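Undergrad: Structure: entry-v1.tsv, TSV, C-alpha atoms.
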```
chain	number	residue	atom	x	y	z
A	287	ALA	CA	174.76	-108.00	54.95
A	288	GLN	CA	176.15	-107.40	51.52
A	289	ARG	CA	179.30	-105.33	51.34
A	290	VAL	CA	181.80	-104.45	48.70
A	291	THR	CA	185.24	-103.22	49.71
A	292	GLN	CA	187.74	-101.51	47.50
A	293	PRO	CA	190.72	-100.89	49.76
A	294	GLU	CA	192.60	-98.51	47.47
A	295	LYS	CA	191.13	-95.07	46.94
A	296	LEU	CA	193.96	-94.02	44.63
A	297	LEU	CA	196.26	-96.10	42.46
A	298	SER	CA	199.01	-94.87	40.15
A	299	VAL	CA	200.94	-97.03	37.73
A	300	PHE	CA	203.26	-96.33	34.83
A	301	LYS	CA	202.14	-96.95	31.28
A	302	GLY	CA	202.91	-100.50	30.29
A	303	ALA	CA	203.00	-101.75	33.88
A	304	PRO	CA	200.55	-104.33	35.18
A	305	VAL	CA	197.63	-103.05	37.18
A	306	GLU	CA	195.39	-104.73	39.73
A	307	LEU	CA	192.42	-103.05	41.34
A	308	LYS	CA	191.26	-104.92	44.40
A	309	CYS	CA	187.70	-105.76	45.30
A	310	ASN	CA	186.51	-107.92	48.17
A	311	TYR	CA	182.95	-108.72	48.97
A	312	SER	CA	180.86	-110.26	51.68
A	313	TYR	CA	177.70	-112.00	50.62
A	314	SER	CA	175.72	-114.87	52.02
A	315	GLY	CA	174.64	-116.35	48.68
A	316	SER	CA	176.02	-116.77	45.19
A	317	PRO	CA	177.19	-113.32	44.15
A	318	GLU	CA	176.91	-111.62	40.81
A	319	LEU	CA	179.77	-109.16	40.53
A	320	PHE	CA	180.53	-106.31	38.17
A	321	TRP	CA	183.18	-103.73	37.44
A	322	TYR	CA	181.98	-100.32	36.35
A	323	VAL	CA	184.20	-97.55	35.01
A	324	GLN	CA	183.70	-93.81	34.92
A	325	TYR	CA	186.00	-91.87	32.62
A	326	SER	CA	186.47	-88.16	33.18
A	327	ARG	CA	183.21	-86.29	32.52
A	328	GLN	CA	181.45	-89.42	31.36
A	329	ARG	CA	178.75	-91.56	32.87
A	330	LEU	CA	179.21	-94.82	34.72
A	331	GLN	CA	179.41	-97.72	32.32
A	332	LEU	CA	179.77	-101.44	32.71
A	333	LEU	CA	183.28	-102.72	32.13
A	334	LEU	CA	182.74	-106.39	32.78
A	335	ARG	CA	180.94	-108.90	34.94
A	336	HIS	CA	182.00	-112.22	36.27
A	337	ILE	CA	179.33	-114.35	34.59
A	338	SER	CA	180.54	-113.27	31.17
A	339	ARG	CA	184.13	-114.31	31.84
A	340	GLU	CA	185.24	-111.94	29.10
A	341	SER	CA	188.09	-109.54	28.60
A	342	ILE	CA	187.15	-105.94	27.89
A	343	LYS	CA	189.80	-103.39	26.89
A	344	GLY	CA	192.40	-105.88	28.09
A	345	PHE	CA	190.88	-106.10	31.58
A	346	THR	CA	189.91	-109.36	33.22
A	347	ALA	CA	188.46	-110.20	36.60
A	348	ASP	CA	188.16	-113.61	38.20
A	349	LEU	CA	185.75	-114.41	40.96
A	350	ASN	CA	187.57	-116.14	43.80
A	351	LYS	CA	184.95	-117.45	46.16
A	352	GLY	CA	187.52	-118.76	48.61
A	353	GLU	CA	189.04	-115.32	49.05
A	354	THR	CA	185.74	-113.54	48.33
A	355	SER	CA	187.52	-111.36	45.81
A	356	PHE	CA	186.90	-110.05	42.34
A	357	HIS	CA	190.08	-108.18	41.51
A	358	LEU	CA	190.38	-106.35	38.20
A	359	LYS	CA	193.59	-106.89	36.30
A	360	LYS	CA	195.31	-105.70	33.17
A	361	PRO	CA	198.81	-106.79	32.16
A	362	PHE	CA	199.83	-103.54	30.46
A	363	ALA	CA	198.17	-100.31	31.54
A	364	GLN	CA	197.44	-97.61	28.97
A	365	GLU	CA	196.98	-93.88	29.54
A	366	GLU	CA	193.38	-94.12	28.45
A	367	ASP	CA	192.71	-96.49	31.35
A	368	SER	CA	192.91	-93.56	33.76
A	369	ALA	CA	189.44	-93.42	35.33
A	370	MET	CA	187.39	-94.21	38.39
A	371	TYR	CA	186.63	-97.92	38.82
A	372	TYR	CA	183.79	-99.29	40.90
A	373	CYS	CA	183.23	-102.85	41.94
A	374	ALA	CA	179.57	-103.75	42.42
A	375	LEU	CA	177.56	-106.69	43.68
A	376	ARG	CA	174.02	-107.53	42.74
A	377	SER	CA	171.64	-108.98	45.30
A	378	GLY	CA	168.18	-109.51	43.88
A	379	ASN	CA	167.27	-106.19	42.40
A	380	GLN	CA	169.71	-104.19	44.53
A	381	PHE	CA	173.21	-103.24	43.55
A	382	TYR	CA	175.92	-102.48	46.10
A	383	PHE	CA	178.90	-100.43	45.01
A	384	GLY	CA	182.34	-100.13	46.49
A	385	THR	CA	183.84	-96.74	47.23
A	386	GLY	CA	185.78	-96.76	43.99
A	387	THR	CA	189.44	-96.66	43.02
A	388	SER	CA	190.83	-93.78	41.03
A	389	LEU	CA	193.40	-95.15	38.62
A	390	THR	CA	196.02	-92.87	37.12
A	391	VAL	CA	198.30	-94.21	34.42
A	392	ILE	CA	201.47	-92.17	34.24
A	393	PRO	CA	202.91	-91.74	30.73
B	797	GLU	CA	173.16	-96.08	20.74
B	798	PRO	CA	170.24	-95.53	23.11
B	799	GLU	CA	171.04	-93.77	26.38
B	800	VAL	CA	169.44	-93.08	29.71
B	801	THR	CA	168.82	-89.34	29.87
B	802	GLN	CA	168.47	-87.29	33.02
B	803	THR	CA	167.24	-83.75	33.48
B	804	PRO	CA	168.22	-81.31	34.72
B	805	SER	CA	171.97	-81.77	34.86
B	806	HIS	CA	172.15	-79.45	37.87
B	807	GLN	CA	169.36	-78.51	40.24
B	808	VAL	CA	169.72	-75.89	42.93
B	809	THR	CA	167.05	-75.65	45.57
B	810	GLN	CA	166.40	-74.13	48.96
B	811	MET	CA	166.22	-76.33	52.03
B	812	GLY	CA	162.66	-77.45	52.64
B	813	GLN	CA	161.63	-77.27	49.01
B	814	GLU	CA	160.47	-80.22	46.95
B	815	VAL	CA	162.45	-81.33	43.89
B	816	ILE	CA	161.67	-83.73	41.09
B	817	LEU	CA	164.51	-85.34	39.21
B	818	ARG	CA	163.63	-86.74	35.83
B	819	CYS	CA	164.92	-89.71	33.92
B	820	VAL	CA	164.05	-91.28	30.61
B	821	PRO	CA	165.18	-94.92	30.69
B	822	ILE	CA	166.05	-96.87	27.58
B	823	SER	CA	162.77	-97.72	25.93
B	824	ASN	CA	162.66	-101.50	26.07
B	825	HIS	CA	164.11	-101.81	29.57
B	826	LEU	CA	161.85	-102.95	32.37
B	827	TYR	CA	163.89	-102.32	35.53
B	828	PHE	CA	164.72	-98.84	36.69
B	829	TYR	CA	166.92	-97.58	39.48
B	830	TRP	CA	167.92	-94.48	41.37
B	831	TYR	CA	171.29	-94.10	43.05
B	832	ARG	CA	172.88	-91.33	45.05
B	833	GLN	CA	176.51	-90.32	45.33
B	834	ILE	CA	177.44	-87.76	47.95
B	835	LEU	CA	180.63	-85.93	47.02
B	836	GLY	CA	183.65	-88.06	47.79
B	837	GLN	CA	181.58	-91.06	48.82
B	838	LYS	CA	180.41	-94.22	47.13
B	839	VAL	CA	177.46	-94.76	44.84
B	840	GLU	CA	174.52	-95.78	47.04
B	841	PHE	CA	171.48	-97.70	45.91
B	842	LEU	CA	168.20	-95.93	46.64
B	843	VAL	CA	165.42	-97.83	44.92
B	844	SER	CA	164.55	-100.22	42.13
B	845	PHE	CA	161.29	-100.16	40.20
B	846	TYR	CA	159.63	-102.83	38.13
B	847	ASN	CA	156.18	-103.32	36.73
B	848	ASN	CA	155.04	-99.94	37.99
B	849	GLU	CA	155.98	-100.52	41.59
B	850	ILE	CA	158.94	-100.38	43.88
B	851	SER	CA	160.86	-103.64	43.78
B	852	GLU	CA	163.43	-102.95	46.47
B	853	LYS	CA	164.55	-99.93	48.43
B	854	SER	CA	167.40	-99.11	50.76
B	855	GLU	CA	167.31	-97.60	54.23
B	856	ILE	CA	168.11	-94.24	52.67
B	857	PHE	CA	164.85	-94.28	50.73
B	858	ASP	CA	162.56	-93.08	53.49
B	859	ASP	CA	159.23	-91.27	53.37
B	860	GLN	CA	160.96	-88.18	52.05
B	861	PHE	CA	161.50	-89.95	48.73
B	862	SER	CA	159.08	-91.26	46.16
B	863	VAL	CA	159.34	-92.56	42.61
B	864	GLU	CA	156.87	-92.56	39.79
B	865	ARG	CA	156.56	-93.54	36.18
B	866	PRO	CA	153.90	-91.04	35.23
B	867	ASP	CA	153.59	-91.54	31.52
B	868	GLY	CA	155.29	-94.74	30.37
B	869	SER	CA	158.55	-93.05	29.42
B	870	ASN	CA	159.65	-90.83	32.31
B	871	PHE	CA	160.85	-92.16	35.64
B	872	THR	CA	160.97	-89.55	38.37
B	873	LEU	CA	162.46	-89.24	41.82
B	874	LYS	CA	160.71	-86.79	44.10
B	875	ILE	CA	162.39	-85.50	47.23
B	876	ARG	CA	160.03	-83.73	49.61
B	877	SER	CA	161.28	-81.06	51.97
B	878	THR	CA	164.93	-81.27	50.93
B	879	LYS	CA	167.67	-81.17	53.53
B	880	LEU	CA	171.25	-79.96	53.19
B	881	GLU	CA	172.47	-83.54	53.34
B	882	ASP	CA	170.44	-84.41	50.25
B	883	SER	CA	173.04	-82.56	48.19
B	884	ALA	CA	174.55	-85.21	45.93
B	885	MET	CA	174.71	-86.59	42.43
B	886	TYR	CA	171.64	-88.64	41.64
B	887	PHE	CA	171.98	-91.31	39.00
B	888	CYS	CA	169.19	-93.07	37.19
B	889	ALA	CA	169.77	-96.44	35.56
B	890	SER	CA	167.76	-98.91	33.57
B	891	ARG	CA	168.49	-102.57	33.06
B	892	ASP	CA	168.29	-104.67	29.96
B	893	THR	CA	166.36	-107.74	31.04
B	894	SER	CA	168.02	-110.10	28.60
B	895	SER	CA	171.62	-109.14	29.26
B	896	GLY	CA	171.19	-107.95	32.85
B	897	ILE	CA	173.36	-104.93	32.11
B	898	GLN	CA	172.55	-101.63	33.80
B	899	TYR	CA	172.91	-98.44	31.81
B	900	PHE	CA	173.42	-95.23	33.73
B	901	GLY	CA	172.38	-91.69	33.04
B	902	ALA	CA	174.86	-88.85	33.30
B	903	GLY	CA	173.38	-87.82	36.64
B	904	THR	CA	171.72	-84.79	38.17
B	905	ARG	CA	173.72	-82.75	40.62
B	906	LEU	CA	171.40	-81.58	43.39
B	907	SER	CA	172.57	-78.68	45.50
B	908	VAL	CA	170.47	-77.85	48.55
B	909	LEU	CA	171.21	-74.41	49.99
```
Can I see the file as structure tokens?
TA:
Amino acid sequence: AQRVTQPEKLLSVFKGAPVELKCNYSYSGSPELFWYVQYSRQRLQLLLRHISRESIKGFTADLNKGETSFHLKKPFAQEEDSAMYYCALRSGNQFYFGTGTSLTVIP
Amino acid sequence: EPEVTQTPSHQVTQMGQEVILRCVPISNHLYFYWYRQILGQKVEFLVSFYNNEISEKSEIFDDQFSVERPDGSNFTLKIRSTKLEDSAMYFCASRDTSSGIQYFGAGTRLSVL
């Protein structure tokens, strides 16, 4: 079975503080993992994915196969980062989403 | 920038009625998807569609649901005999084959009374 777990439903950090949104997965093959973000009143949009190994808006995520994790990190949170973040896993032509973490960055 | 568009933004229906949710994927995309998000819960995969047929579907996507690409631009989700528990946000997405990136519509909120 393919599962994505985001253990934190809510996360609050102060502006300028580091932020880490956790994502763990269970998958029997080689996973393809994504982070999606949904800003207030906007649609879901891709933030980044592990195969690109890129940094978007200061966020990075490293796939750790040993820990089966794909945590999202940013060294200095900004107010505009406040949003809902979803970790997702692709299996074939199916995508499995975590329950999401609502990030609030306190000014 | 091209977008996935969904209509209507909000659909209210009576239990037992049929509804059709409409989506216009991005024009050169080949893979299309429907997802559901019940209030307060996670985004759940319903179905993927490629080359005019269902590619994969989840356990949620039972005989009550069907998808169609009637005219080469629209991609529809039909829910027959709606139930109260079908109330949710329904998201359409299309995927760019070259980049693999999914683009989501803004969603249709379905309220079954």
Undergrad: Using all atoms listed in the file, find the one residue out of B:Ile856, B:Met885, B:Val839, B:Ile897 that sits nearest to Met370 of chain A.
TA: B:Val839
Undergrad: With a cut-off of 6 Å and counting all atoms listed in the file, select all residues of chain B in contact with chain A and give the selection as a PyMOL selection string.
TA: chain B and resi 838-839+900+902
Undergrad: Write a file of the just-selected residues containing C-alpha atoms, as a PDB file, in the frame of the given file.
TA:
```
ATOM      1  CA  LYS B 838     180.410 -94.220  47.130  1.00  0.00           C
ATOM      2  CA  VAL B 839     177.460 -94.760  44.840  1.00  0.00           C
ATOM      3  CA  PHE B 900     173.420 -95.230  33.730  1.00  0.00           C
ATOM      4  CA  ALA B 902     174.860 -88.850  33.300  1.00  0.00           C
TER       5      ALA B 902
END
```
Undergrad: Show which residues sit within 9 Å of Gly903 of chain B, as a PyMOL selection string. Count only C-alpha atoms, and ignore same-chain residues fewer than 5 positions away.
TA: (chain A and resi 329) or (chain B and resi 801-806+885-888)
Undergrad: May I ask for the distance between atom CA of Tyr827 of chain B and atom CA of Ser314 of chain A, given in Å to one decimal place?
TA: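 So the two atoms, atom CA of Tyr827 of chain B and atom CA of Ser314 of chain A, lie 23.9 Å apart.
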Undergrad: Could you check how far atom CA of Ser877 of chain B sits from atom CA of Asn847 of chain B, in Å to one decimal?
TA: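 Going from atom CA of Ser877 of chain B over to atom CA of Asn847 of chain B, I get 27.5 Å.
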